[in-house]
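Notes to accompany the following structure.
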There are 2 protein chains.
Amino acid sequence: MSTSGGVARRSLLDDLAASMLSLIADRRLASGDQFESVRSLAERFKVAVPTIREALRRLEATGAVELRHGSGVYVGSHIGRLVLANPLAPPPSADRLVELLQARALIEPPVAALAARVRTGAALNRMAGDLAAAEELIASGDHARLAEVNMDFHRNLAQASGNATLAEVVESVTVVNVREQLEILFIHGEAQTDLDEHRAIYTAVQDGDVELAERLTREHLDGVLAVINQRVQHP
Amino acid sequence: MSTSGGVARRSLLDDLAASMLSLIADRRLASGDQFESVRSLAERFKVAVPTIREALRRLEATGAVELRHGSGVYVGSHIGRLVLANPLAPPPSADRLVELLQARALIEPPVAALAARVRTGAALNRMAGDLAAAEELIASGDHARLAEVNMDFHRNLAQASGNATLAEVVESVTVVNVREQLEILFIHGEAQTDLDEHRAIYTAVQDGDVELAERLTREHLDGVLAVINQRVQHP
DNA sequence: AATGACCAAGTGATCAGATCATTTTCCTCA
DNA sequence: TGAGGAAAATGATCTGATCACTTGGTCATT
């Protein structure tokens with residue numbers, strides 16, 4: 001009784017969601033492309049508008065599609081992803097934040113090592129761009145933007161590993177929600193140190209120095225973790 | 001035109017979803033508890049039923065709530081999670097499967113090492129239970145169930161690390177979708193080897209042998225990866 | 001010719017009320 | 001006592017309308 005063919009057989013909503021994903025796949029639509037209007041979809045699948053909208057909301061929740069008021073339905077940026085950051089997650093507590101950093105300190109060093117082996121070109125260039133941007137943002141004092149760029153550096157480091165799944169995992173644990181929380185604790189003073197460490201990691205990856213890339217990433221995240229731990233305990 | 005630092009102008013649906021999550025949190029509802037009827041929610045928030053349902057569908061997509069026809073709305077099993085497996089992800093291709101295994105081979109060994117340090121009791125017991133169950137399932141030849149139990153072993157290993165975020169990450173990469181695909185490739189013959197390796201890992205964790213736990217987990221996953229790689233290339 | 005104000009069509013957002021389908025509760029009756 | 005079977009509760013879906021936002025074009029002003 002397995003549906004090995006692929007057509008789901010659960011509720012109407014499951015069918016609709018799956019069918020719409022198939023439609024997107026069949027049309028070779030990519031992230032950002034316009035999909036089809038709600039009314040048109042309702043007619044196509046012979047269901048009422050509210051029903052289609054429920055199915056769309058489900059897709060929307062996982063970033064598969066995006067609904068823009070007055071404009072249309074578009075293919076979302078997370079379509080086809082395997083691992084996601086929970087878009088409805090509450091801002092993490094201090095404990096959860098520490099735990100999250102521990103997880104990153106465990107996961108990212110081996111990812112950096114792999115990145116040093118593979119060195120996917122495009123991602124390397126983006127890392128360099130992040131470093132340049134960070135330098136400017138330190139000068140201009142835009143801490144919010146700086147924190148974002150620093151997170152981008154880590155995401156692009158994971159991308160450089162050439163493994164999309166790893167990149168998704170790292171993206172999931174460097175999500176905006178977390179950035180905001182980190183920013184509160186990890187304010188200026190460390191900004192220049194941070195940048196220097198990122199630069200060193202970048203160089204190691206670029207040189208293909210696997211062990212150095214891993215060690216520097218571990219030291220970097222352990223350092224951040226130490227600062228966070230200190231501030232959590234002495235607010 | 002960046003909204004950095006600014007207040008995100010949320011839509012009605014965002015508010016509704018957030019409010020309902022707050023409601024669940026305020027009432028200290030846990031996974032599986034009954035929440036509130038659709039009609040009641042619509043009345044409470046002074047919106048129409050289809051609107052509430054859209055918000056509920058969004059929550060449902062991330063496992064925060066569950067709608068049971070004729071019964072009610074219940075708190076879902078993934079409420080409060082930070083990292084999720086995409087419930088709408090298509091069955092992974094062979095390439096994606098290899099990539100996924102590579103990711104696991106990178107992430108899980110250090111997790112096993114941490115588990116050997118921490119040894120969270122409840123999770124250890126569940127691991128033992130998984131081993132016993134696997135033994136029986138090998139005897140009875142129920143490969144589907146066996147594959148599921150083996151995945152549970154890995155999830156519980158991550159739980160034993162005491163780090164919920166790591167556990168969520170590992171759960172996300174050992175999701176049902178993937179099990180089904182693995183099962184196709186990784187059929188009997190290796191079952192006993194698999195069990196033996198799991199047993200060795202369990203013993204190492206129980207003994208608190210950090211390095212051994214890490215090494216055995218790495219060898220185990222590398223072994224699986226090798227088999228998969230072979231079968232992908234020679235179908 | 002370039003600019004800006006304005007209008008109209010397309011599209012998503014929300015509403016109201018009704019009907020169907022499933023589950024759960026509980027009362028009746030053998 | 002317990003097995004049926006109504007009745008209530010609740011989710012699923014429909015119909016059709018109205019409001020709100022985006023977009024592209026028109027056209028007067030500069």
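We name chains A, B, ... following the order of the structure tokens; residues begin at 1 in each chain, and ligands are numbered from 1 as shown.
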Test item: residues at most 10 Å from stretch 114-126 of chain A, only C-alpha atoms (C1' of nucleotides), excluding those fewer than 5 positions along its chain, as number ranges by chain: A: 108-109, 131-132, 152-153, 155-163, 201-214; B: 106
Please report, as CSV, each residue of chain B lying at most 6 Å from chain C, together with the nearest pair of atoms and the separation in Å rounded to one decimal; use only C-alpha atoms (C1' of nucleotides), and order rows by chain and ascending residue number.
```
residue,atom,partner,partner_atom,distance
B:His69,CA,C:DT22,C1',5.9
B:Gly70,CA,C:DT23,C1',4.4
B:Ser71,CA,C:DT23,C1',5.4
```
With N, CA and C atoms retained, write the just-selected residues as a PDB file, in the first residue's frame.
```
ATOM      1  N   HIS B  69      -9.880  16.339  12.487  1.00  0.00           N
ATOM      2  CA  HIS B  69     -11.250  16.467  12.005  1.00  0.00           C
ATOM      3  C   HIS B  69     -12.256  15.888  13.007  1.00  0.00           C
ATOM      4  N   GLY B  70     -13.247  16.676  13.333  1.00  0.00           N
ATOM      5  CA  GLY B  70     -14.290  16.208  14.236  1.00  0.00           C
ATOM      6  C   GLY B  70     -13.895  16.204  15.687  1.00  0.00           C
ATOM      7  N   SER B  71     -12.645  16.462  15.953  1.00  0.00           N
ATOM      8  CA  SER B  71     -12.177  16.359  17.335  1.00  0.00           C
ATOM      9  C   SER B  71     -11.742  17.693  17.925  1.00  0.00           C
TER      10      SER B  71
END
```
Fit target chain B, mobile chain A, all Cα in order, as a CSV table (one decimal) with C-alpha atoms, in the first residue's frame:
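Output file part-v1.csv follows:
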```csv
chain,number,residue,atom,x,y,z
A,1,MET,CA,12.1,51.2,13.8
A,2,SER,CA,13.0,47.8,15.2
A,3,THR,CA,10.3,45.8,16.8
A,4,SER,CA,12.5,44.7,19.7
A,5,GLY,CA,9.4,44.4,21.9
A,6,GLY,CA,8.3,41.4,20.0
A,7,VAL,CA,4.9,42.3,18.5
A,8,ALA,CA,5.1,41.8,14.8
A,9,ARG,CA,3.8,44.4,12.4
A,10,ARG,CA,3.7,42.7,9.1
A,11,SER,CA,0.5,41.3,7.5
A,12,LEU,CA,-2.6,40.3,9.3
A,13,LEU,CA,-1.6,36.7,8.9
A,14,ASP,CA,1.8,37.2,10.5
A,15,ASP,CA,0.1,38.9,13.4
A,16,LEU,CA,-2.4,36.1,13.8
A,17,ALA,CA,0.3,33.4,13.7
A,18,ALA,CA,2.5,35.3,16.1
A,19,SER,CA,-0.5,36.0,18.4
A,20,MET,CA,-1.5,32.4,18.5
A,21,LEU,CA,2.0,31.3,19.4
A,22,SER,CA,2.0,33.8,22.2
A,23,LEU,CA,-1.3,32.5,23.4
A,24,ILE,CA,0.1,29.0,23.5
A,25,ALA,CA,3.2,30.2,25.3
A,26,ASP,CA,1.2,32.3,27.8
A,27,ARG,CA,-1.0,29.3,28.7
A,28,ARG,CA,2.0,27.1,29.2
A,29,LEU,CA,0.6,24.6,26.7
A,30,ALA,CA,2.9,21.7,25.9
A,31,SER,CA,3.1,19.4,22.9
A,32,GLY,CA,-0.1,17.4,22.6
A,33,ASP,CA,-2.3,19.7,24.7
A,34,GLN,CA,-5.6,20.8,23.1
A,35,PHE,CA,-5.5,24.4,22.0
A,36,GLU,CA,-8.8,26.1,21.0
A,37,SER,CA,-11.4,25.6,18.3
A,38,VAL,CA,-11.2,27.4,15.0
A,39,ARG,CA,-14.5,29.1,15.6
A,40,SER,CA,-13.4,30.3,19.0
A,41,LEU,CA,-10.1,31.6,17.6
A,42,ALA,CA,-11.9,33.4,14.8
A,43,GLU,CA,-14.1,35.1,17.3
A,44,ARG,CA,-11.3,35.9,19.7
A,45,PHE,CA,-9.2,37.7,17.0
A,46,LYS,CA,-12.2,39.2,15.3
A,47,VAL,CA,-11.5,37.6,11.9
A,48,ALA,CA,-13.3,35.2,9.7
A,49,VAL,CA,-12.9,31.5,9.9
A,50,PRO,CA,-11.0,31.1,6.6
A,51,THR,CA,-8.5,33.7,7.7
A,52,ILE,CA,-7.8,31.9,11.0
A,53,ARG,CA,-7.5,28.7,9.1
A,54,GLU,CA,-4.8,30.1,6.8
A,55,ALA,CA,-2.8,31.2,9.8
A,56,LEU,CA,-3.3,27.8,11.4
A,57,ARG,CA,-2.1,26.1,8.2
A,58,ARG,CA,1.1,28.1,8.4
A,59,LEU,CA,1.7,27.0,12.0
A,60,GLU,CA,0.8,23.5,11.1
A,61,ALA,CA,3.4,23.4,8.3
A,62,THR,CA,6.2,23.9,10.9
A,63,GLY,CA,4.7,21.4,13.4
A,64,ALA,CA,3.7,24.2,15.8
A,65,VAL,CA,0.1,23.0,15.9
A,66,GLU,CA,-1.9,20.1,14.6
A,67,LEU,CA,-5.5,20.1,13.3
A,68,ARG,CA,-7.5,16.9,14.0
A,69,HIS,CA,-10.7,16.6,12.0
A,70,GLY,CA,-13.7,16.4,14.3
A,71,SER,CA,-11.6,16.7,17.4
A,72,GLY,CA,-9.8,20.1,17.7
A,73,VAL,CA,-6.6,22.0,17.3
A,74,TYR,CA,-3.7,20.7,19.3
A,75,VAL,CA,-0.2,21.9,20.1
A,76,GLY,CA,2.2,20.2,17.7
A,77,SER,CA,5.4,18.3,18.5
A,78,HIS,CA,7.8,20.7,16.9
A,79,ILE,CA,6.7,23.8,18.6
A,80,GLY,CA,9.6,26.0,19.6
A,81,ARG,CA,12.1,24.2,17.3
A,82,LEU,CA,14.9,26.1,15.6
A,83,VAL,CA,15.8,23.6,12.9
A,84,LEU,CA,13.3,21.5,11.0
A,85,ALA,CA,13.2,18.9,8.3
A,86,ASN,CA,11.2,20.2,5.4
A,87,PRO,CA,7.9,18.3,5.7
A,88,LEU,CA,7.3,18.9,2.0
A,89,ALA,CA,10.7,17.7,0.7
A,90,PRO,CA,10.5,15.2,-2.1
A,91,PRO,CA,12.1,11.8,-1.6
A,92,PRO,CA,15.7,12.4,-2.2
A,93,SER,CA,17.4,11.2,-5.4
A,94,ALA,CA,20.3,8.8,-5.1
A,95,ASP,CA,22.8,11.6,-5.4
A,96,ARG,CA,21.1,13.6,-2.7
A,97,LEU,CA,21.0,10.5,-0.5
A,98,VAL,CA,24.7,10.1,-0.8
A,99,GLU,CA,25.2,13.7,0.0
A,100,LEU,CA,23.0,13.4,3.0
A,101,LEU,CA,24.9,10.4,4.3
A,102,GLN,CA,28.2,12.4,3.9
A,103,ALA,CA,26.7,15.2,5.9
A,104,ARG,CA,25.7,12.8,8.7
A,105,ALA,CA,29.2,11.2,8.6
A,106,LEU,CA,30.6,14.7,9.2
A,107,ILE,CA,28.2,15.8,11.8
A,108,GLU,CA,27.4,12.8,14.0
A,109,PRO,CA,30.8,11.7,15.1
A,110,PRO,CA,31.6,14.9,17.1
A,111,VAL,CA,28.0,14.8,18.4
A,112,ALA,CA,28.7,11.3,19.7
A,113,ALA,CA,31.9,12.5,21.3
A,114,LEU,CA,29.9,15.2,23.1
A,115,ALA,CA,27.3,12.6,24.1
A,116,ALA,CA,30.1,10.6,25.7
A,117,ARG,CA,31.1,13.6,27.7
A,118,VAL,CA,27.7,14.6,28.8
A,119,ARG,CA,25.7,11.3,28.9
A,120,THR,CA,22.2,12.6,29.4
A,121,GLY,CA,20.5,9.9,31.4
A,122,ALA,CA,17.1,9.7,29.8
A,123,ALA,CA,18.5,9.6,26.3
A,124,LEU,CA,20.9,6.8,27.3
A,125,ASN,CA,18.0,4.7,28.5
A,126,ARG,CA,16.2,5.3,25.2
A,127,MET,CA,19.3,4.2,23.3
A,128,ALA,CA,19.3,0.9,25.3
A,129,GLY,CA,15.7,0.5,24.5
A,130,ASP,CA,16.3,0.9,20.9
A,131,LEU,CA,19.0,-1.7,20.9
A,132,ALA,CA,16.7,-4.2,22.6
A,133,ALA,CA,13.9,-3.4,20.2
A,134,ALA,CA,16.3,-3.8,17.2
A,135,GLU,CA,17.3,-7.2,18.4
A,136,GLU,CA,13.7,-8.4,18.5
A,137,LEU,CA,12.9,-6.8,15.1
A,138,ILE,CA,15.8,-8.6,13.5
A,139,ALA,CA,14.4,-11.9,14.8
A,140,SER,CA,10.9,-11.1,13.6
A,141,GLY,CA,12.1,-9.8,10.3
A,142,ASP,CA,10.2,-6.5,10.4
A,143,HIS,CA,12.6,-4.5,8.3
A,144,ALA,CA,10.5,-1.3,8.1
A,145,ARG,CA,10.2,-1.1,11.9
A,146,LEU,CA,13.8,-2.0,12.3
A,147,ALA,CA,15.0,0.9,10.1
A,148,GLU,CA,12.8,3.2,12.1
A,149,VAL,CA,14.3,2.0,15.4
A,150,ASN,CA,17.8,2.4,14.0
A,151,MET,CA,17.1,6.0,13.1
A,152,ASP,CA,15.8,6.5,16.7
A,153,PHE,CA,19.1,5.2,18.0
A,154,HIS,CA,20.9,8.0,16.2
A,155,ARG,CA,18.4,10.6,17.3
A,156,ASN,CA,18.7,9.5,20.9
A,157,LEU,CA,22.5,9.5,20.6
A,158,ALA,CA,22.2,13.2,19.6
A,159,GLN,CA,19.8,13.8,22.5
A,160,ALA,CA,22.3,12.3,24.9
A,161,SER,CA,24.6,15.2,23.9
A,162,GLY,CA,22.3,17.5,26.0
A,163,ASN,CA,22.3,20.0,23.2
A,164,ALA,CA,18.8,20.4,21.8
A,165,THR,CA,19.9,22.2,18.7
A,166,LEU,CA,22.2,19.4,17.8
A,167,ALA,CA,19.4,17.0,18.4
A,168,GLU,CA,17.2,19.0,16.1
A,169,VAL,CA,19.8,19.0,13.4
A,170,VAL,CA,20.3,15.2,13.6
A,171,GLU,CA,16.6,14.7,13.6
A,172,SER,CA,16.3,16.8,10.5
A,173,VAL,CA,18.7,14.6,8.6
A,174,THR,CA,17.3,11.3,9.8
A,175,VAL,CA,13.7,12.0,8.8
A,176,VAL,CA,11.2,9.4,7.6
A,177,ASN,CA,11.5,10.3,4.0
A,178,VAL,CA,15.1,9.4,4.1
A,179,ARG,CA,14.5,6.2,6.1
A,180,GLU,CA,12.3,4.9,3.4
A,181,GLN,CA,14.9,5.6,0.8
A,182,LEU,CA,17.6,4.0,2.8
A,183,GLU,CA,15.5,1.0,3.5
A,184,ILE,CA,15.3,0.3,-0.2
A,185,LEU,CA,19.0,0.2,-0.6
A,186,PHE,CA,20.1,-1.0,2.8
A,187,ILE,CA,18.3,-4.3,3.1
A,188,HIS,CA,18.9,-7.3,5.3
A,189,GLY,CA,22.3,-8.9,5.6
A,190,GLU,CA,23.7,-5.8,7.2
A,191,ALA,CA,21.2,-5.7,10.0
A,192,GLN,CA,23.2,-7.7,12.5
A,193,THR,CA,26.4,-5.7,11.7
A,194,ASP,CA,24.4,-2.5,12.2
A,195,LEU,CA,23.2,-3.6,15.6
A,196,ASP,CA,26.7,-4.7,16.7
A,197,GLU,CA,28.1,-1.3,15.7
A,198,HIS,CA,25.3,0.5,17.5
A,199,ARG,CA,25.9,-1.6,20.6
A,200,ALA,CA,29.6,-0.7,20.5
A,201,ILE,CA,28.8,3.0,20.2
A,202,TYR,CA,26.4,2.8,23.1
A,203,THR,CA,28.9,1.1,25.3
A,204,ALA,CA,31.5,3.7,24.4
A,205,VAL,CA,29.1,6.6,25.3
A,206,GLN,CA,28.1,4.9,28.5
A,207,ASP,CA,31.7,4.5,29.5
A,208,GLY,CA,32.4,8.1,28.7
A,209,ASP,CA,35.1,7.1,26.2
A,210,VAL,CA,34.9,10.2,24.1
A,211,GLU,CA,37.4,9.3,21.4
A,212,LEU,CA,36.1,5.8,21.0
A,213,ALA,CA,32.5,7.0,20.7
A,214,GLU,CA,33.6,9.4,18.0
A,215,ARG,CA,35.7,6.9,16.1
A,216,LEU,CA,33.1,4.2,16.2
A,217,THR,CA,30.3,6.5,15.0
A,218,ARG,CA,32.5,7.7,12.2
A,219,GLU,CA,33.4,4.2,11.1
A,220,HIS,CA,29.7,3.1,11.4
A,221,LEU,CA,28.5,5.9,9.1
A,222,ASP,CA,31.3,5.6,6.7
A,223,GLY,CA,30.5,1.9,6.4
A,224,VAL,CA,26.8,2.7,5.7
A,225,LEU,CA,27.9,5.3,3.2
A,226,ALA,CA,30.2,2.8,1.4
A,227,VAL,CA,27.3,0.3,1.1
A,228,ILE,CA,25.0,2.9,-0.2
A,229,ASN,CA,27.6,4.2,-2.7
A,230,GLN,CA,28.1,0.7,-4.0
A,231,ARG,CA,24.4,0.0,-4.4
A,232,VAL,CA,23.8,3.4,-6.1
A,233,GLN,CA,26.5,2.7,-8.6
A,234,HIS,CA,25.5,-1.0,-9.2
A,235,PRO,CA,21.8,-1.1,-8.8
```
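For stretch 1-69 of chain A, backbone-based DSSP assignment of strand (DSSP E or B) covers Gln34, Val65, Glu66, Leu67 and Arg68 of chain A.
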Using C-alpha atoms, can you export the residues from the last selection as a PDB file, in the first residue's frame?
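To be explicit, this is the file written out as again_3.pdb:
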```pdb
ATOM      1  CA  GLN A  34       5.901  34.406 -10.069  1.00  0.00           C
ATOM      2  CA  VAL A  65       6.003  30.030  -1.686  1.00  0.00           C
ATOM      3  CA  GLU A  66       5.473  33.654  -0.805  1.00  0.00           C
ATOM      4  CA  LEU A  67       2.224  35.628  -1.009  1.00  0.00           C
ATOM      5  CA  ARG A  68       2.604  39.301  -1.822  1.00  0.00           C
TER       6      ARG A  68
END
```
Based on only C-alpha atoms (C1' of nucleotides), which of the residues in chain D come within 10 Å of chain A? I want them as a PDB file with N, CA and C atoms (P, O5', C5', C4', C3', O3' and C1' of nucleotides), in the first residue's frame.
```pdb
ATOM      1  P    DA D  12      -9.796  20.382   9.654  1.00  0.00           P
ATOM      2  O5'  DA D  12     -11.047  20.266   8.665  1.00  0.00           O
ATOM      3  C5'  DA D  12     -11.409  18.993   8.170  1.00  0.00           C
ATOM      4  C4'  DA D  12     -12.119  19.133   6.831  1.00  0.00           C
ATOM      5  C3'  DA D  12     -11.419  20.037   5.809  1.00  0.00           C
ATOM      6  O3'  DA D  12     -11.512  19.415   4.532  1.00  0.00           O
ATOM      7  C1'  DA D  12     -13.588  20.857   6.235  1.00  0.00           C
ATOM      8  P    DT D  13     -10.789  20.067   3.272  1.00  0.00           P
ATOM      9  O5'  DT D  13     -11.982  20.894   2.635  1.00  0.00           O
ATOM     10  C5'  DT D  13     -13.144  20.196   2.189  1.00  0.00           C
ATOM     11  C4'  DT D  13     -14.204  21.172   1.754  1.00  0.00           C
ATOM     12  C3'  DT D  13     -13.729  22.275   0.793  1.00  0.00           C
ATOM     13  O3'  DT D  13     -14.210  21.961  -0.506  1.00  0.00           O
ATOM     14  C1'  DT D  13     -15.293  23.072   2.422  1.00  0.00           C
ATOM     15  P    DC D  14     -14.024  23.007  -1.704  1.00  0.00           P
ATOM     16  O5'  DC D  14     -15.370  23.854  -1.626  1.00  0.00           O
ATOM     17  C5'  DC D  14     -16.596  23.156  -1.540  1.00  0.00           C
ATOM     18  C4'  DC D  14     -17.754  24.134  -1.491  1.00  0.00           C
ATOM     19  C3'  DC D  14     -17.641  25.271  -2.513  1.00  0.00           C
ATOM     20  O3'  DC D  14     -18.745  25.231  -3.397  1.00  0.00           O
ATOM     21  C1'  DC D  14     -18.149  26.104  -0.321  1.00  0.00           C
ATOM     22  P    DT D  15     -18.696  26.076  -4.766  1.00  0.00           P
ATOM     23  O5'  DT D  15     -19.456  27.426  -4.434  1.00  0.00           O
ATOM     24  C5'  DT D  15     -20.689  27.363  -3.737  1.00  0.00           C
ATOM     25  C4'  DT D  15     -21.138  28.750  -3.370  1.00  0.00           C
ATOM     26  C3'  DT D  15     -20.759  29.836  -4.391  1.00  0.00           C
ATOM     27  O3'  DT D  15     -21.950  30.431  -4.871  1.00  0.00           O
ATOM     28  C1'  DT D  15     -20.211  30.512  -2.163  1.00  0.00           C
ATOM     29  P    DA D  20     -10.264  48.838   3.518  1.00  0.00           P
ATOM     30  O5'  DA D  20      -9.019  48.128   2.852  1.00  0.00           O
ATOM     31  C5'  DA D  20      -8.376  47.061   3.555  1.00  0.00           C
ATOM     32  C4'  DA D  20      -7.060  46.719   2.868  1.00  0.00           C
ATOM     33  C3'  DA D  20      -6.169  47.917   2.532  1.00  0.00           C
ATOM     34  O3'  DA D  20      -4.821  47.523   2.709  1.00  0.00           O
ATOM     35  C1'  DA D  20      -6.674  46.783   0.549  1.00  0.00           C
ATOM     36  P    DC D  21      -3.686  48.611   2.882  1.00  0.00           P
ATOM     37  O5'  DC D  21      -2.635  48.161   1.779  1.00  0.00           O
ATOM     38  C5'  DC D  21      -2.233  46.786   1.739  1.00  0.00           C
ATOM     39  C4'  DC D  21      -1.770  46.442   0.348  1.00  0.00           C
ATOM     40  C3'  DC D  21      -0.758  47.428  -0.246  1.00  0.00           C
ATOM     41  O3'  DC D  21       0.473  46.734  -0.363  1.00  0.00           O
ATOM     42  C1'  DC D  21      -2.414  46.791  -1.845  1.00  0.00           C
ATOM     43  P    DT D  22       1.779  47.485  -1.002  1.00  0.00           P
ATOM     44  O5'  DT D  22       1.704  47.062  -2.542  1.00  0.00           O
ATOM     45  C5'  DT D  22       1.582  45.681  -2.867  1.00  0.00           C
ATOM     46  C4'  DT D  22       1.589  45.502  -4.373  1.00  0.00           C
ATOM     47  C3'  DT D  22       2.667  46.290  -5.119  1.00  0.00           C
ATOM     48  O3'  DT D  22       3.332  45.383  -5.981  1.00  0.00           O
ATOM     49  C1'  DT D  22       0.531  46.729  -6.069  1.00  0.00           C
ATOM     50  P    DT D  23       4.623  45.861  -6.826  1.00  0.00           P
ATOM     51  O5'  DT D  23       3.975  46.172  -8.249  1.00  0.00           O
ATOM     52  C5'  DT D  23       3.034  45.249  -8.794  1.00  0.00           C
ATOM     53  C4'  DT D  23       2.444  45.798 -10.077  1.00  0.00           C
ATOM     54  C3'  DT D  23       3.414  46.648 -10.912  1.00  0.00           C
ATOM     55  O3'  DT D  23       3.400  46.174 -12.239  1.00  0.00           O
ATOM     56  C1'  DT D  23       1.378  47.804 -10.598  1.00  0.00           C
TER      57       DT D  23
END
```
Could you tell me, as a count of residues only, which residues of stretch 16-196 of chain A DSSP assigns to alpha helix (DSSP H) when given the backbone? 118
